[in-house]
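Trainee: Supplied structure: protein_4.cif, mmCIF, C-alpha atoms.
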data_start
#
loop_
_atom_site.label_atom_id
_atom_site.label_comp_id
_atom_site.auth_asym_id
_atom_site.auth_seq_id
_atom_site.Cartn_x
_atom_site.Cartn_y
_atom_site.Cartn_z
CA MET A 724 9.23 -30.56 -20.29
CA GLN A 725 5.72 -31.34 -21.54
CA PRO A 726 3.35 -28.55 -22.58
CA GLN A 727 1.00 -27.24 -19.90
CA LYS A 728 -2.68 -28.11 -20.37
CA LYS A 729 -4.77 -24.94 -20.54
CA LEU A 730 -7.34 -25.01 -17.73
CA ASN A 731 -10.74 -23.38 -18.02
CA LEU A 732 -11.90 -21.07 -15.23
CA ASN A 733 -13.75 -23.82 -13.36
CA GLU A 734 -10.69 -26.08 -13.46
CA GLN A 735 -8.49 -23.24 -12.25
CA ALA A 736 -10.91 -22.51 -9.40
CA ALA A 737 -10.90 -26.22 -8.47
CA GLU A 738 -7.10 -26.26 -8.45
CA ILE A 739 -6.92 -23.16 -6.24
CA LEU A 740 -9.37 -24.84 -3.84
CA ARG A 741 -7.29 -28.04 -3.89
CA ILE A 742 -4.17 -26.08 -2.96
CA ALA A 743 -6.09 -24.16 -0.28
CA GLU A 744 -7.37 -27.46 1.18
CA LYS A 745 -3.84 -28.87 1.17
CA HIS A 746 -2.80 -25.92 3.32
CA GLY A 747 -5.89 -26.03 5.50
CA VAL A 748 -7.18 -22.57 4.60
CA GLU A 749 -10.29 -23.59 2.61
CA GLN A 750 -12.49 -23.27 5.73
CA ASN A 751 -11.11 -19.86 6.71
CA PHE A 752 -13.85 -17.22 6.67
CA PHE A 753 -11.71 -14.67 4.84
CA PHE A 754 -10.62 -17.17 2.22
CA ILE A 755 -14.18 -18.40 1.62
CA THR A 756 -15.73 -14.94 1.30
CA THR A 757 -12.89 -13.57 -0.83
CA PHE A 758 -12.86 -16.61 -3.12
CA LYS A 759 -16.65 -16.34 -3.52
CA ARG A 760 -16.34 -12.67 -4.45
CA TYR A 761 -13.67 -13.55 -6.99
CA GLN A 762 -15.94 -16.14 -8.61
CA VAL A 763 -18.76 -13.54 -8.82
CA GLN A 764 -16.35 -11.05 -10.38
CA LEU A 765 -15.36 -13.63 -13.01
CA ARG A 766 -19.03 -14.25 -13.88
CA ILE A 767 -19.62 -10.49 -14.17
CA LEU A 768 -16.57 -10.16 -16.42
CA ASN A 769 -17.80 -13.00 -18.63
CA ASP A 770 -21.24 -11.37 -18.98
CA LEU A 771 -19.77 -7.94 -19.72
CA GLU A 772 -17.34 -9.40 -22.23
CA LYS A 773 -20.18 -11.24 -23.98
CA SER A 774 -22.22 -8.03 -24.12
CA ILE A 775 -19.31 -6.06 -25.59
CA THR A 776 -18.57 -8.83 -28.09
CA ASP A 777 -22.23 -9.17 -29.13
CA ASP A 778 -22.98 -5.44 -29.34
CA GLY A 779 -19.59 -4.22 -30.54
CA VAL A 780 -17.27 -1.69 -28.96
CA LEU A 781 -19.26 1.21 -30.40
CA VAL A 782 -22.98 1.60 -29.77
CA THR A 783 -25.49 4.05 -31.19
CA LYS A 784 -27.81 6.10 -29.03
CA GLU A 785 -30.87 7.66 -30.64
CA TYR A 786 -32.32 10.89 -29.33
CA VAL A 787 -35.90 12.19 -29.42
CA LYS A 788 -35.56 13.97 -32.76
CA GLY A 789 -34.11 10.85 -34.38
CA ARG A 790 -30.51 11.98 -34.20
CA GLU A 791 -28.00 9.24 -33.53
CA ASN A 792 -24.71 9.53 -31.69
CA VAL A 793 -22.03 6.88 -31.51
CA TYR A 794 -20.49 6.05 -28.12
CA CYS A 795 -18.11 3.53 -26.65
CA HIS A 796 -20.06 0.63 -25.20
CA PRO A 797 -20.97 1.59 -21.60
CA ALA A 798 -20.05 -1.92 -20.42
CA ILE A 799 -16.38 -1.20 -21.20
CA THR A 800 -16.08 1.10 -18.18
CA ASP A 801 -17.70 -1.48 -15.90
CA TYR A 802 -15.52 -4.21 -17.40
CA ASN A 803 -12.34 -2.26 -16.68
CA LYS A 804 -13.44 -1.48 -13.11
CA THR A 805 -14.30 -5.13 -12.49
CA VAL A 806 -10.94 -6.25 -13.92
CA ASP A 807 -9.13 -3.92 -11.51
CA SER A 808 -11.23 -5.14 -8.61
CA SER A 809 -10.76 -8.81 -9.48
CA ASN A 810 -6.99 -8.32 -9.74
CA ARG A 811 -6.97 -6.86 -6.22
CA THR A 812 -9.13 -9.77 -5.03
CA VAL A 813 -6.60 -12.25 -6.42
CA GLY A 814 -3.86 -10.43 -4.54
CA THR A 815 -5.89 -10.75 -1.36
CA LEU A 816 -6.46 -14.47 -1.97
CA VAL A 817 -2.74 -15.06 -2.45
CA LYS A 818 -1.99 -13.15 0.76
CA ILE A 819 -4.57 -15.17 2.70
CA ILE A 820 -3.22 -18.49 1.45
CA THR A 821 0.44 -17.60 1.91
CA THR A 822 -0.18 -16.12 5.37
CA LEU A 823 -2.26 -18.97 6.76
CA ARG A 824 -0.54 -22.01 5.29
CA SER A 825 2.33 -23.94 6.78
CA ASN A 826 5.91 -22.80 6.28
CA ASP A 827 6.76 -25.73 4.01
CA LYS A 828 8.92 -24.29 1.21
CA GLU A 829 7.84 -26.92 -1.31
CA ASP A 830 4.17 -26.04 -0.76
CA GLU A 831 4.86 -22.35 -1.29
CA ASP A 832 6.47 -23.11 -4.62
CA GLU A 833 3.44 -25.18 -5.71
CA LEU A 834 0.97 -22.32 -5.27
CA LEU A 835 3.21 -19.70 -6.84
CA ALA A 836 4.04 -22.03 -9.74
CA PHE A 837 0.34 -22.67 -10.38
CA LEU A 838 -0.53 -18.97 -10.28
CA ARG A 839 2.33 -18.10 -12.66
CA LYS A 840 1.16 -20.71 -15.20
CA HIS A 841 -2.48 -19.67 -15.16
#
Could you show the structure in this file as structure tokens?
Mentor:
Amino acid sequence: MQPQKKLNLNEQAAEILRIAEKHGVEQNFFFITTFKRYQVQLRILNDLEKSITDDGVLVTKEYVKGRENVYCHPAITDYNKTVDSSNRTVGTLVKIITTLRSNDKEDEDELLAFLRKH
């Protein structure tokens, strides 16, 4: 068994679309809108992660009298909420694809195998 090539997010999105096209669900309104939302969530997560990485986990807030307090980066809360939301969106995408595609057992295994690897 040869090692699996690590796909970047764009390559993974392209592969999910390829599998969706193979099953004829890529034009389905629910698939399109849900997949679009998922891509937006990934961009938000990337931006939040960059902000947290650049600024650090702890940030300092200065008050009027010059006092400083240290806080957890406020983006961490948004990051965690977006992670939870994107995980639910993935679950919805999988349900849409598995519900709308043909009953071919081999095809089912292809999608599930891809999602397990990535």
Trainee: Just the number, please: distance in Å from atom CA of Val782 of chain A to atom CA of Asn810 of chain A, one decimal.
Mentor: 27.5 Å
Trainee: Would you kindly translate the PyMOL selection byres ((chain A and resi 762-775) around 9) into the concrete residues it picks from this file, as a PyMOL selection string?
Mentor: chain A and resi 732+736+757-761+776-781+796-799+801-803+805-806+808-809
Trainee: Any chance you could export the current selection's C-alpha atoms as a PDB file, keeping the file's coordinate frame?
Mentor:
ATOM      1  CA  LEU A 732     -11.900 -21.070 -15.230  1.00  0.00           C
ATOM      2  CA  ALA A 736     -10.910 -22.510  -9.400  1.00  0.00           C
ATOM      3  CA  THR A 757     -12.890 -13.570  -0.830  1.00  0.00           C
ATOM      4  CA  PHE A 758     -12.860 -16.610  -3.120  1.00  0.00           C
ATOM      5  CA  LYS A 759     -16.650 -16.340  -3.520  1.00  0.00           C
ATOM      6  CA  ARG A 760     -16.340 -12.670  -4.450  1.00  0.00           C
ATOM      7  CA  TYR A 761     -13.670 -13.550  -6.990  1.00  0.00           C
ATOM      8  CA  THR A 776     -18.570  -8.830 -28.090  1.00  0.00           C
ATOM      9  CA  ASP A 777     -22.230  -9.170 -29.130  1.00  0.00           C
ATOM     10  CA  ASP A 778     -22.980  -5.440 -29.340  1.00  0.00           C
ATOM     11  CA  GLY A 779     -19.590  -4.220 -30.540  1.00  0.00           C
ATOM     12  CA  VAL A 780     -17.270  -1.690 -28.960  1.00  0.00           C
ATOM     13  CA  LEU A 781     -19.260   1.210 -30.400  1.00  0.00           C
ATOM     14  CA  HIS A 796     -20.060   0.630 -25.200  1.00  0.00           C
ATOM     15  CA  PRO A 797     -20.970   1.590 -21.600  1.00  0.00           C
ATOM     16  CA  ALA A 798     -20.050  -1.920 -20.420  1.00  0.00           C
ATOM     17  CA  ILE A 799     -16.380  -1.200 -21.200  1.00  0.00           C
ATOM     18  CA  ASP A 801     -17.700  -1.480 -15.900  1.00  0.00           C
ATOM     19  CA  TYR A 802     -15.520  -4.210 -17.400  1.00  0.00           C
ATOM     20  CA  ASN A 803     -12.340  -2.260 -16.680  1.00  0.00           C
ATOM     21  CA  THR A 805     -14.300  -5.130 -12.490  1.00  0.00           C
ATOM     22  CA  VAL A 806     -10.940  -6.250 -13.920  1.00  0.00           C
ATOM     23  CA  SER A 808     -11.230  -5.140  -8.610  1.00  0.00           C
ATOM     24  CA  SER A 809     -10.760  -8.810  -9.480  1.00  0.00           C
TER      25      SER A 809
END
Trainee: Have a look at atom CA of Thr800 of chain A and atom CA of Lys788 of chain A and let me know their distance in Å, one decimal.
Mentor: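 For atom CA of Thr800 of chain A relative to atom CA of Lys788 of chain A, the distance reads 27.5 Å.
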Trainee: Between atom CA of Ile755 of chain A and atom CA of Ala743 of chain A, measure the distance and give it in Å to one decimal.
Mentor: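 Separating atom CA of Ile755 of chain A from atom CA of Ala743 of chain A is a distance of 10.1 Å.
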Trainee: Grab all the atoms of segment 730-734 of chain A that the file lists, wrap them in a box along x, y and z, add 8 Å per side, and give me centre plus edge lengths in Å (one decimal) as AutoDock Vina command-line options.
Mentor:
--center_x -10.5 --center_y -23.6 --center_z -15.7 --size_x 22.4 --size_y 21.0 --size_z 20.7
